[in-house]
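Coordinates as given in structure07.cif (mmCIF, C-alpha atoms):
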```cif
data_coords
loop_
_atom_site.label_atom_id
_atom_site.label_comp_id
_atom_site.auth_asym_id
_atom_site.auth_seq_id
_atom_site.Cartn_x
_atom_site.Cartn_y
_atom_site.Cartn_z
CA MET A 87 -7.97 -26.56 -8.40
CA VAL A 88 -8.39 -25.02 -4.96
CA ARG A 89 -10.80 -22.43 -3.61
CA ILE A 90 -9.47 -19.20 -2.09
CA ALA A 91 -11.48 -16.47 -0.37
CA VAL A 92 -10.25 -12.89 -0.79
CA VAL A 93 -11.78 -10.40 1.66
CA GLU A 94 -12.44 -6.92 0.24
CA PRO A 95 -9.63 -6.57 -2.29
CA ARG A 96 -8.39 -3.10 -3.12
CA SER A 97 -5.29 -1.74 -4.83
CA ALA A 98 -2.77 -4.61 -5.10
CA GLY A 99 -5.47 -6.92 -3.77
CA TYR A 100 -7.09 -6.83 -7.20
CA GLY A 101 -4.00 -8.61 -8.49
CA LEU A 102 -4.70 -11.54 -6.18
CA ILE A 103 -7.92 -12.21 -8.09
CA ASP A 104 -6.23 -11.95 -11.47
CA TRP A 105 -3.17 -14.03 -10.63
CA GLY A 106 -5.19 -16.58 -8.67
CA ARG A 107 -7.27 -17.22 -11.77
CA GLU A 108 -4.09 -17.34 -13.88
CA LEU A 109 -2.71 -20.01 -11.54
CA GLY A 110 -5.88 -22.08 -11.90
CA HIS A 111 -7.52 -21.33 -8.54
CA ASP A 112 -11.18 -20.55 -7.87
CA MET A 113 -11.10 -17.07 -6.37
CA VAL A 114 -14.16 -16.15 -4.27
CA VAL A 115 -14.37 -12.42 -3.65
CA PHE A 116 -16.08 -11.03 -0.54
CA THR A 117 -16.98 -7.37 -1.09
CA ALA A 118 -19.57 -4.80 -0.09
CA GLY A 119 -19.90 -3.87 -3.75
CA HIS A 120 -20.43 -0.14 -3.30
CA GLY A 121 -18.54 3.10 -2.72
CA GLU A 122 -14.88 2.60 -1.92
CA ARG A 123 -15.60 -1.09 -1.43
CA ARG A 124 -16.42 -1.76 -5.06
CA VAL A 125 -14.13 -4.07 -7.04
CA PRO A 126 -13.74 -3.04 -10.72
CA GLU A 127 -15.55 -5.32 -13.13
CA GLU A 128 -12.38 -6.17 -15.05
CA HIS A 129 -11.09 -7.89 -11.90
CA LEU A 130 -14.40 -9.42 -10.80
CA ALA A 131 -14.53 -11.07 -14.21
CA HIS A 132 -11.67 -13.30 -13.03
CA ALA A 133 -13.50 -14.41 -9.89
CA ALA A 134 -15.19 -17.80 -9.68
CA ALA A 135 -17.83 -16.28 -7.40
CA VAL A 136 -18.64 -12.96 -5.73
CA GLU A 137 -20.17 -12.79 -2.27
CA THR A 138 -21.79 -9.40 -1.70
CA ILE A 139 -21.75 -8.69 2.02
CA ASP A 140 -20.93 -5.89 4.45
CA THR A 141 -17.22 -6.61 4.90
CA ASN A 142 -17.15 -4.27 7.90
CA ASP A 143 -19.44 -6.71 9.74
CA ASP A 144 -16.87 -9.25 10.90
CA LEU A 145 -19.44 -11.64 12.37
CA ALA A 146 -21.51 -11.72 9.17
CA VAL A 147 -18.45 -12.41 7.01
CA ARG A 148 -17.23 -15.19 9.29
CA ARG A 149 -20.69 -16.80 9.29
CA ARG A 150 -20.90 -16.65 5.49
CA LEU A 151 -17.43 -18.16 5.18
CA ARG A 152 -18.29 -21.01 7.56
CA ALA A 153 -21.48 -21.79 5.61
CA LEU A 154 -19.69 -21.82 2.25
CA HIS A 155 -16.77 -23.79 3.67
CA ALA A 156 -19.18 -26.51 4.86
CA ARG A 157 -20.47 -26.95 1.31
CA ARG A 158 -17.11 -26.81 -0.45
CA PRO A 159 -13.98 -26.17 1.62
CA PHE A 160 -11.73 -23.19 1.12
CA ALA A 161 -7.98 -23.74 1.02
CA ALA A 162 -7.15 -20.21 2.23
CA VAL A 163 -8.66 -16.91 3.40
CA VAL A 164 -6.55 -13.98 2.23
CA PRO A 165 -7.00 -10.30 3.17
CA GLY A 166 -7.44 -8.13 0.10
CA PHE A 167 -6.48 -4.91 1.89
CA GLU A 168 -4.81 -3.74 5.07
CA HIS A 169 -8.02 -2.98 6.97
CA TYR A 170 -9.18 -6.59 6.62
CA VAL A 171 -6.05 -8.36 7.88
CA PRO A 172 -7.52 -9.08 11.36
CA LEU A 173 -10.82 -10.30 9.89
CA ALA A 174 -9.06 -12.68 7.50
CA ALA A 175 -6.90 -13.98 10.35
CA ASP A 176 -9.92 -14.64 12.54
CA ALA A 177 -11.82 -16.29 9.68
CA ALA A 178 -8.88 -18.55 8.84
CA GLY A 179 -8.76 -19.59 12.49
CA ASP A 180 -12.49 -20.43 12.39
CA LEU A 181 -11.94 -22.75 9.42
CA GLY A 182 -8.71 -24.32 10.66
CA LEU A 183 -6.73 -22.79 7.78
CA PRO A 184 -3.28 -21.17 7.80
CA GLY A 185 -3.39 -17.60 9.02
CA LEU A 186 -1.88 -15.05 11.35
CA PRO A 187 -2.52 -15.28 15.09
CA ALA A 188 -5.05 -12.68 16.22
CA ALA A 189 -2.54 -10.77 18.35
CA THR A 190 -0.06 -10.62 15.47
CA ALA A 191 -2.73 -9.43 13.04
CA ALA A 192 -3.72 -6.68 15.47
CA ALA A 193 -0.12 -5.55 15.98
CA LEU A 194 0.39 -5.37 12.22
CA ARG A 195 -2.84 -3.42 11.76
CA LEU A 196 -2.78 -0.95 14.67
CA LYS A 197 0.27 1.27 14.77
CA HIS A 198 0.37 1.84 18.53
CA LEU A 199 0.39 -1.92 19.17
CA MET A 200 3.16 -2.28 16.58
CA ARG A 201 5.25 0.35 18.36
CA GLY A 202 4.72 -1.36 21.69
CA ARG A 203 5.89 -4.74 20.41
CA LEU A 204 9.01 -3.25 18.87
CA ASP A 205 9.80 -1.41 22.09
CA ALA A 206 9.55 -4.70 23.98
CA SER A 207 11.97 -6.25 21.50
CA GLY A 208 14.52 -3.46 21.89
CA ILE A 209 14.37 -2.39 18.23
CA ASP A 210 15.30 1.22 17.56
CA GLN A 211 12.41 3.27 16.20
CA PRO A 212 11.10 6.84 16.42
CA ARG A 213 10.06 8.10 19.85
CA HIS A 214 6.28 7.88 20.15
CA VAL A 215 3.37 8.65 22.48
CA LEU A 216 -0.26 7.56 22.18
CA VAL A 217 -2.67 10.41 22.93
CA THR A 218 -6.40 10.10 23.58
CA ARG A 219 -7.14 13.52 25.14
CA GLU A 220 -6.33 16.97 23.83
CA GLN A 221 -4.94 18.06 27.20
CA ASP A 222 -2.18 15.46 26.78
CA VAL A 223 -0.87 16.90 23.51
CA ALA A 224 1.64 19.19 25.25
CA GLY A 225 3.13 16.24 27.12
CA ALA A 226 3.42 14.26 23.90
CA ILE A 227 5.25 17.14 22.21
CA ALA A 228 7.65 17.34 25.15
CA ALA A 229 8.37 13.63 24.79
CA VAL A 230 8.90 13.42 21.01
CA GLY A 231 9.96 16.99 20.20
CA LEU A 232 9.08 19.39 17.42
CA PRO A 233 8.62 18.98 14.57
CA CYS A 234 6.70 15.77 15.08
CA VAL A 235 4.47 13.48 13.03
CA VAL A 236 0.84 13.09 14.03
CA LYS A 237 -1.03 10.08 12.66
CA PRO A 238 -4.07 7.87 13.24
CA VAL A 239 -3.38 4.35 14.44
CA ASP A 240 -5.68 2.59 11.97
CA GLN A 241 -5.64 4.33 8.58
CA SER A 242 -3.68 3.91 5.34
CA GLY A 243 -2.73 5.90 2.26
CA SER A 244 -1.30 8.77 4.36
CA LEU A 245 -4.84 9.73 5.38
CA ASN A 246 -4.70 12.38 8.14
CA VAL A 247 -0.94 11.96 8.60
CA ARG A 248 0.93 15.25 8.85
CA LYS A 249 4.04 16.91 10.13
CA ALA A 250 3.42 19.44 12.89
CA GLY A 251 5.98 22.18 13.40
CA THR A 252 4.23 24.09 16.18
CA PRO A 253 2.01 23.23 19.16
CA ALA A 254 -0.96 24.80 17.35
CA GLU A 255 -0.42 22.57 14.31
CA ALA A 256 -0.13 19.54 16.59
CA VAL A 257 -3.44 20.35 18.29
CA GLU A 258 -5.11 20.88 14.91
CA ALA A 259 -3.82 17.51 13.69
CA PHE A 260 -5.00 15.80 16.88
CA ARG A 261 -8.50 17.24 16.53
CA ARG A 262 -8.72 16.17 12.88
CA ILE A 263 -7.86 12.56 13.71
CA HIS A 264 -9.69 12.31 17.03
CA GLY A 265 -12.92 13.60 15.54
CA TYR A 266 -12.71 11.84 12.18
CA GLY A 267 -15.43 9.28 12.94
CA ALA A 268 -16.73 7.21 10.02
CA GLY A 269 -15.12 7.84 6.66
CA TYR A 270 -12.77 5.82 4.48
CA LEU A 271 -14.25 2.41 3.56
CA ASP A 272 -17.28 3.34 5.70
CA ARG A 273 -15.28 2.36 8.76
CA THR A 274 -15.24 4.28 12.04
CA SER A 275 -11.68 5.30 12.84
CA LEU A 276 -10.43 4.82 16.38
CA PRO A 277 -10.06 8.10 18.34
CA LEU A 278 -6.43 7.24 19.08
CA VAL A 279 -3.67 9.56 17.93
CA LEU A 280 0.00 8.66 17.66
CA PHE A 281 2.61 11.40 18.12
CA GLU A 282 5.99 10.37 16.72
CA GLU A 283 9.47 11.79 16.45
CA TYR A 284 10.03 13.34 13.02
CA VAL A 285 12.80 11.45 11.23
CA ALA A 286 14.84 13.19 8.55
CA GLY A 287 16.29 11.11 5.74
CA PRO A 288 15.41 9.33 2.50
CA GLU A 289 12.45 6.96 2.62
CA PHE A 290 12.31 3.38 1.39
CA SER A 291 10.04 0.39 1.60
CA VAL A 292 10.99 -3.25 1.82
CA GLU A 293 8.83 -5.89 0.13
CA GLY A 294 8.84 -9.57 0.99
CA TYR A 295 6.99 -12.49 2.51
CA ALA A 296 7.15 -14.98 5.36
CA SER A 297 6.54 -18.71 5.05
CA GLY A 298 7.53 -21.92 6.76
CA ASP A 299 10.97 -21.49 5.26
CA GLY A 300 11.51 -18.11 6.94
CA ILE A 301 11.53 -14.48 5.84
CA VAL A 302 12.36 -13.59 2.25
CA VAL A 303 13.00 -10.03 1.06
CA LEU A 304 12.35 -9.56 -2.64
CA GLY A 305 13.14 -5.89 -3.09
CA VAL A 306 13.84 -2.47 -1.65
CA THR A 307 11.84 0.41 -3.11
CA GLU A 308 12.81 4.08 -3.23
CA LYS A 309 9.91 6.36 -2.32
CA LEU A 310 9.30 9.89 -3.58
CA LEU A 311 7.11 12.03 -1.34
CA GLY A 312 5.15 15.17 -2.05
CA PRO A 313 5.66 18.42 -0.14
CA GLU A 314 5.41 18.46 3.63
CA PRO A 315 3.59 18.79 5.96
CA TRP A 316 1.83 15.90 4.19
CA PHE A 317 3.41 12.57 3.33
CA VAL A 318 1.73 11.71 0.05
CA GLU A 319 3.65 9.11 -1.95
CA VAL A 320 4.08 10.48 -5.47
CA GLY A 321 6.49 7.92 -6.89
CA HIS A 322 8.45 4.72 -6.43
CA MET A 323 11.54 3.17 -8.02
CA VAL A 324 12.48 -0.52 -7.95
CA PRO A 325 15.18 -1.44 -7.04
CA ALA A 326 16.18 1.50 -4.85
CA PRO A 327 19.55 3.17 -5.61
CA LEU A 328 21.28 1.92 -2.47
CA ASP A 329 24.84 0.68 -2.26
CA ALA A 330 25.34 -2.91 -1.13
CA ALA A 331 26.23 -2.01 2.46
CA ALA A 332 23.21 0.26 2.95
CA GLU A 333 20.92 -2.34 1.38
CA ARG A 334 22.18 -5.04 3.74
CA THR A 335 21.61 -2.73 6.71
CA VAL A 336 18.05 -1.91 5.64
CA VAL A 337 17.15 -5.53 4.92
CA ALA A 338 18.62 -6.80 8.20
CA TYR A 339 16.68 -4.17 10.16
CA VAL A 340 13.36 -5.07 8.50
CA VAL A 341 13.90 -8.78 9.06
CA ARG A 342 14.36 -8.04 12.77
CA VAL A 343 11.15 -5.98 12.75
CA VAL A 344 9.13 -8.68 11.00
CA ARG A 345 10.37 -11.35 13.40
CA ALA A 346 9.65 -9.18 16.44
CA LEU A 347 6.07 -8.68 15.25
CA GLY A 348 5.58 -12.40 14.82
CA LEU A 349 4.74 -12.31 11.13
CA GLY A 350 5.13 -15.90 9.97
CA LEU A 351 2.82 -16.06 6.97
CA GLY A 352 2.19 -13.99 3.88
CA PRO A 353 3.45 -10.73 2.44
CA PHE A 354 4.78 -7.67 4.22
CA HIS A 355 5.39 -4.07 3.23
CA ALA A 356 7.68 -2.13 5.60
CA GLU A 357 8.31 1.60 5.28
CA LEU A 358 11.35 3.23 6.87
CA ARG A 359 13.65 6.21 6.74
CA LEU A 360 17.40 5.93 6.62
CA SER A 361 18.37 8.37 9.36
CA ALA A 362 21.67 9.49 10.83
CA ARG A 363 21.33 6.74 13.46
CA GLY A 364 20.36 4.06 10.95
CA PRO A 365 17.06 2.66 9.61
CA LEU A 366 13.97 3.69 11.58
CA LEU A 367 10.58 2.16 10.91
CA MET A 368 7.64 4.31 9.88
CA GLU A 369 5.21 1.38 9.74
CA VAL A 370 4.79 -2.17 8.49
CA ALA A 371 1.74 -4.03 7.19
CA ALA A 372 0.91 -7.68 6.54
CA ARG A 373 -0.22 -7.14 2.98
CA LEU A 374 0.95 -6.57 -0.54
CA PRO A 375 2.40 -3.12 -1.19
CA GLY A 376 0.07 -0.78 -3.03
CA ASP A 377 0.80 1.74 -5.77
CA ARG A 378 1.62 -1.03 -8.27
CA ILE A 379 4.86 -1.88 -6.47
CA PRO A 380 4.36 -5.63 -7.06
CA ASP A 381 4.15 -4.87 -10.79
CA LEU A 382 7.30 -2.76 -10.63
CA LEU A 383 9.04 -5.61 -8.82
CA ARG A 384 8.07 -8.06 -11.55
CA LEU A 385 9.15 -5.70 -14.31
CA ALA A 386 12.53 -4.98 -12.75
CA THR A 387 13.49 -8.33 -11.24
CA GLY A 388 11.02 -11.01 -12.30
CA ALA A 389 10.02 -11.68 -8.68
CA ASP A 390 6.27 -12.28 -8.35
CA LEU A 391 4.89 -11.20 -4.99
CA TYR A 392 1.30 -11.97 -6.05
CA GLU A 393 2.10 -15.62 -6.67
CA ALA A 394 4.31 -15.82 -3.58
CA THR A 395 1.44 -14.52 -1.43
CA LEU A 396 -1.03 -17.11 -2.67
CA ARG A 397 1.49 -19.94 -2.38
CA CYS A 398 2.32 -18.91 1.20
CA TYR A 399 -1.34 -19.10 2.22
CA LEU A 400 -1.69 -22.45 0.46
CA GLY A 401 1.31 -23.88 2.29
CA LEU A 402 3.33 -24.21 -0.91
CA GLU A 403 6.95 -23.24 -1.45
CA PRO A 404 6.92 -19.80 -3.13
CA VAL A 405 8.50 -19.38 -6.54
CA THR A 406 10.10 -15.97 -6.13
CA GLY A 407 11.84 -15.38 -9.43
CA ARG A 408 15.13 -13.59 -9.65
CA GLY A 409 16.60 -10.37 -8.34
CA ALA A 410 16.44 -10.61 -4.55
CA PRO A 411 18.46 -7.86 -2.78
CA GLY A 412 22.17 -8.32 -2.84
CA THR A 413 22.20 -10.62 -5.88
CA GLY A 414 22.88 -7.85 -8.40
CA ARG A 415 20.50 -9.54 -10.84
CA ALA A 416 18.00 -6.74 -11.34
CA ALA A 417 18.24 -6.26 -15.09
CA ARG A 418 16.15 -3.09 -15.18
CA ARG A 419 14.74 -0.22 -13.15
CA ALA A 420 10.96 0.18 -13.03
CA GLY A 421 9.25 3.25 -11.64
CA ILE A 422 5.88 4.88 -11.17
CA ARG A 423 5.01 8.57 -10.86
CA PHE A 424 1.68 9.89 -9.61
CA PHE A 425 0.30 13.21 -10.77
CA LEU A 426 -0.54 15.76 -8.09
CA ARG A 427 -2.04 19.09 -9.06
CA PRO A 428 -2.54 21.02 -5.80
CA GLY A 429 -5.43 23.45 -5.96
CA LEU A 430 -7.17 21.67 -8.85
CA SER A 431 -10.74 20.80 -7.88
CA GLY A 432 -11.74 19.10 -11.13
CA TYR A 433 -10.88 18.67 -14.80
CA THR A 434 -12.56 17.86 -18.12
CA ALA A 435 -9.85 15.95 -20.00
CA MET A 436 -6.40 14.49 -19.45
CA THR A 437 -4.00 15.15 -22.33
CA VAL A 438 -0.78 13.29 -22.99
CA ALA A 439 1.96 14.94 -25.07
CA PRO A 440 3.11 13.03 -28.19
CA HIS A 441 6.65 12.64 -26.86
CA VAL A 442 5.22 10.71 -23.91
CA THR A 443 3.04 8.34 -25.93
CA ALA A 444 5.94 7.70 -28.33
CA ASP A 445 8.48 6.95 -25.58
CA PRO A 446 9.21 3.18 -25.50
CA ARG A 447 10.19 3.47 -21.84
CA ILE A 448 6.64 4.48 -20.90
CA ARG A 449 4.51 1.38 -20.25
CA GLU A 450 1.32 3.01 -18.99
CA VAL A 451 -0.33 6.37 -18.53
CA GLY A 452 -3.64 6.39 -16.76
CA ALA A 453 -6.16 8.40 -14.81
CA LEU A 454 -7.13 7.59 -11.23
CA ILE A 455 -9.88 10.19 -10.96
CA ALA A 456 -12.32 10.38 -13.85
CA PRO A 457 -12.97 13.67 -15.67
CA GLY A 458 -15.87 15.52 -14.11
CA GLN A 459 -15.33 13.96 -10.69
CA PRO A 460 -14.27 16.13 -7.74
CA VAL A 461 -10.55 16.06 -6.98
CA PRO A 462 -9.77 15.73 -3.25
CA ALA A 463 -7.10 17.90 -1.68
CA ALA A 464 -3.56 16.68 -2.31
CA THR A 465 -3.08 15.73 1.36
CA SER A 466 -3.42 11.95 0.92
CA SER A 467 -3.25 9.38 -1.86
CA ALA A 468 -6.90 10.13 -2.68
CA GLY A 469 -5.76 13.40 -4.30
CA ARG A 470 -3.60 11.74 -6.97
CA LEU A 471 -5.15 12.31 -10.39
CA GLY A 472 -3.23 9.79 -12.47
CA TYR A 473 0.02 7.93 -12.97
CA THR A 474 2.65 6.73 -15.39
CA ILE A 475 4.88 3.64 -15.31
CA ALA A 476 8.29 3.51 -16.97
CA VAL A 477 10.98 0.86 -17.38
CA GLY A 478 14.60 1.43 -18.37
CA PRO A 479 17.99 -0.25 -18.22
CA ASP A 480 19.19 1.95 -15.35
CA TYR A 481 18.00 4.44 -12.75
CA ARG A 482 18.68 7.63 -14.69
CA THR A 483 17.02 6.43 -17.89
CA THR A 484 13.86 5.44 -16.03
CA ALA A 485 13.80 8.60 -13.91
CA ASP A 486 14.17 10.78 -17.02
CA ALA A 487 11.17 9.06 -18.62
CA LEU A 488 9.05 9.60 -15.50
CA ASN A 489 10.08 13.26 -15.31
CA ALA A 490 9.20 13.77 -18.98
CA ALA A 491 5.78 12.24 -18.40
CA GLU A 492 5.23 14.43 -15.35
CA HIS A 493 5.66 17.51 -17.55
CA GLY A 494 3.90 16.01 -20.57
CA VAL A 495 0.56 15.14 -18.95
CA ARG A 496 -1.97 17.93 -18.48
CA PHE A 497 -5.37 18.06 -16.85
CA GLU A 498 -7.54 20.42 -18.88
CA HIS A 499 -10.39 22.56 -17.61
CA SER A 500 -11.84 22.91 -21.12
CA ALA A 501 -11.63 21.21 -24.52
CA PRO A 502 -8.04 20.02 -25.18
CA ALA A 503 -5.95 20.91 -28.19
CA LEU A 504 -6.31 18.46 -31.08
CA SER A 505 -2.56 17.83 -31.24
CA ALA A 506 -2.49 16.02 -27.89
CA PRO A 507 -4.23 12.69 -27.24
CA ALA A 508 -7.04 13.08 -24.69
CA LEU A 509 -8.07 10.53 -22.11
CA SER A 510 -11.73 11.06 -21.23
CA ALA A 511 -11.95 8.09 -18.85
CA PRO A 512 -9.58 6.22 -16.55
CA VAL A 513 -7.08 4.01 -18.34
CA LEU A 514 -5.87 1.04 -16.30
CA SER A 515 -3.75 -1.01 -18.66
CA THR A 516 -2.02 -4.30 -17.92
CA VAL A 517 1.71 -3.98 -17.37
CA SER A 518 3.66 -5.62 -20.18
CA GLU A 519 6.58 -7.85 -19.26
CA THR A 520 8.30 -7.50 -22.58
CA ALA A 521 11.43 -5.39 -22.85
#
```
Take the structure I supplied and represent it as structure tokens, if you would.
Amino acid sequence: MVRIAVVEPRSAGYGLIDWGRELGHDMVVFTAGHGERRVPEEHLAHAAAVETIDTNDDLAVRRRLRALHARRPFAAVVPGFEHYVPLAADAAGDLGLPGLPAATAAALRLKHLMRGRLDASGIDQPRHVLVTREQDVAGAIAAVGLPCVVKPVDQSGSLNVRKAGTPAEAVEAFRRIHGYGAGYLDRTSLPLVLFEEYVAGPEFSVEGYASGDGIVVLGVTEKLLGPEPWFVEVGHMVPAPLDAAAERTVVAYVVRVVRALGLGLGPFHAELRLSARGPLLMEVAARLPGDRIPDLLRLATGADLYEATLRCYLGLEPVTGRGAPGTGRAARRAGIRFFLRPGLSGYTAMTVAPHVTADPRIREVGALIAPGQPVPAATSSAGRLGYTIAVGPDYRTTADALNAAEHGVRFEHSAPALSAPALSAPVLSTVSETA
């Protein structure tokens, strides 16, 4: 039994606690324990210990880790979320454990550094300009063209990312990011704004990991986005409906990107668009994909990215399961759909139509925002009210189930009809692996 530290797990990071316990490891969770940095109790129950600490105070976390390591050594320090990749890398270096080099962690965390490294490697990507002053917005527009994408360099979940079609929209987007200050996860966002060429084309993500044996791609995910000018992810399908040639092109491109960025340890999640000139990277992160994509991957192919992540950090050969791209061994399609209800500021009950609850393809239906809580604007992932997961033998069967659930789930402002089951609290079920 080994001891593993997980720094501020969120989203897929919760699965690291669960699967670490399942694999017989002692998982020690470092978390602030409040606000957006609160780990649900059902996941903390699988932890061997919980260290409550301000995870935004890098020095305090590193000191606590050193003190605990002196008493009983850790075998690994794993980031539980994208924002804590550099901290975990630095802490691993302190303890002499496997981890990413500091410069690599920074390039995988900060989008302008990522762009710079890829430029130096000669990898095709969208045109881009870093802007720090409003008077430089016009020059950035001239360089990347309109429409363009305006984004912060250090956020996630599509927060403050938007398409700008006019100079006025570009200035508005710049001001929103530049003046954001402290917000998500109680962290102060850098006043650095990235202007990028807008890329038309379908969007995909590539999921995999790097270890001493090289880079392994486990799956390509199709992404469904909400209406522009925002880029809210409202659904995913695993595996993506790509032909073999397109899949090989996408995978080869991402492998080049990962190598150029120096990622040699742990998971990666790369997002790209397949444009007229080929794959073009939106961004890449040294973490597990969110939005339950690791669960979809397991359901569709049997590949376990949670276990692979932990084994990478422990210096063990990952057991990846079946269904890697190009093998044709994905027995099923697994998908998730998130519920957006633009203009809805709150609701009293979530109702699920009988045909949805009776559908054997539907594995889960759940709420992400509890009844009675304010609903943020549908301009980032924070505005998604709930979700459904479906599994079918092929793409169309799974997509039909997701579409039926989209139309069969309602968010009521008043007492729901008795004929429809009502969910009065979030439901976060465990994904079943049975057919």
Counting all atoms listed in the file, find the residues whose atoms lie at most 12 Å from (24.2, -1.0, 6.0) (file coordinates) and write them out as a ChimeraX atom specification.
/A:328-340,360-365,412
Selection as a ChimeraX atom specification: residues within 12 Å of (-3.1, -20.6, -2.7), counting only C-alpha atoms
/A:87-92,102-103,105-113,160-164,183-184,352,392-404
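The spacing separating CA of Gly321 (chain A) from CA of Asp272 (chain A) amounts to 27.3 Å.
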Step by step, work through what the PyMOL selection byres ((chain A and resi 261-265) around 12) selects in the shown file, and finish by giving those residues as a PyMOL selection string.
chain A and resi 216-221+223+236-241+245-248+254-260+266-269+274-281
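The spacing separating CA of Val495 (chain A) from CA of Val438 (chain A) amounts to 4.6 Å.
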Selection: 10 Å around region 201-209 of chain A, only C-alpha atoms, excl. self and same-chain fewer than 3 positions, as a PyMOL selection string:
chain A and resi 190+193-194+196-198+212-216+280+339+342-348+366-369
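Restricting the calculation to only C-alpha atoms, the smallest distance between Asp143 (chain A) and any of A:Glu122, A:Glu308, A:Glu94, A:Glu128 is found for A:Glu94.
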In Å and to one decimal, CA of Leu488 (chain A) is distant from CA of Phe317 (chain A) by 19.9 Å
So, with all atoms listed in the file as the atoms that count, which of A:Gly166, A:Ala326, A:His120, A:Arg148 lies closest to Tyr100 (chain A)?
A:Gly166
Test item: the PyMOL selection byres ((chain A and resi 350) around 7) resolved as an mmCIF file with C-alpha atoms, in the frame of the given file:
```cif
data_model
loop_
_atom_site.group_PDB
_atom_site.id
_atom_site.type_symbol
_atom_site.label_atom_id
_atom_site.label_comp_id
_atom_site.auth_asym_id
_atom_site.auth_seq_id
_atom_site.Cartn_x
_atom_site.Cartn_y
_atom_site.Cartn_z
ATOM 1 C CA ALA A 296 7.150 -14.980 5.360
ATOM 2 C CA SER A 297 6.540 -18.710 5.050
ATOM 3 C CA GLY A 348 5.580 -12.400 14.820
ATOM 4 C CA LEU A 349 4.740 -12.310 11.130
ATOM 5 C CA LEU A 351 2.820 -16.060 6.970
#
```
Picked residues, the PyMOL selection byres ((chain A and resi 309) around 9), expected as a list in words:
Pro288, Glu289, Phe290, Ser291, Thr307, Glu308, Leu310, Leu311, Glu319, Val320, Gly321, His322, Met323 and Ala326 of chain A
Export of prior selection with C-alpha atoms as a JSON list (two decimals), in the coordinates of the input:
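Written file, again-v2.json:
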```json
[["chain", "number", "residue", "atom", "x", "y", "z"],
["A", 288, "PRO", "CA", 15.41, 9.33, 2.50],
["A", 289, "GLU", "CA", 12.45, 6.96, 2.62],
["A", 290, "PHE", "CA", 12.31, 3.38, 1.39],
["A", 291, "SER", "CA", 10.04, 0.39, 1.60],
["A", 307, "THR", "CA", 11.84, 0.41, -3.11],
["A", 308, "GLU", "CA", 12.81, 4.08, -3.23],
["A", 310, "LEU", "CA", 9.30, 9.89, -3.58],
["A", 311, "LEU", "CA", 7.11, 12.03, -1.34],
["A", 319, "GLU", "CA", 3.65, 9.11, -1.95],
["A", 320, "VAL", "CA", 4.08, 10.48, -5.47],
["A", 321, "GLY", "CA", 6.49, 7.92, -6.89],
["A", 322, "HIS", "CA", 8.45, 4.72, -6.43],
["A", 323, "MET", "CA", 11.54, 3.17, -8.02],
["A", 326, "ALA", "CA", 16.18, 1.50, -4.85]]
```
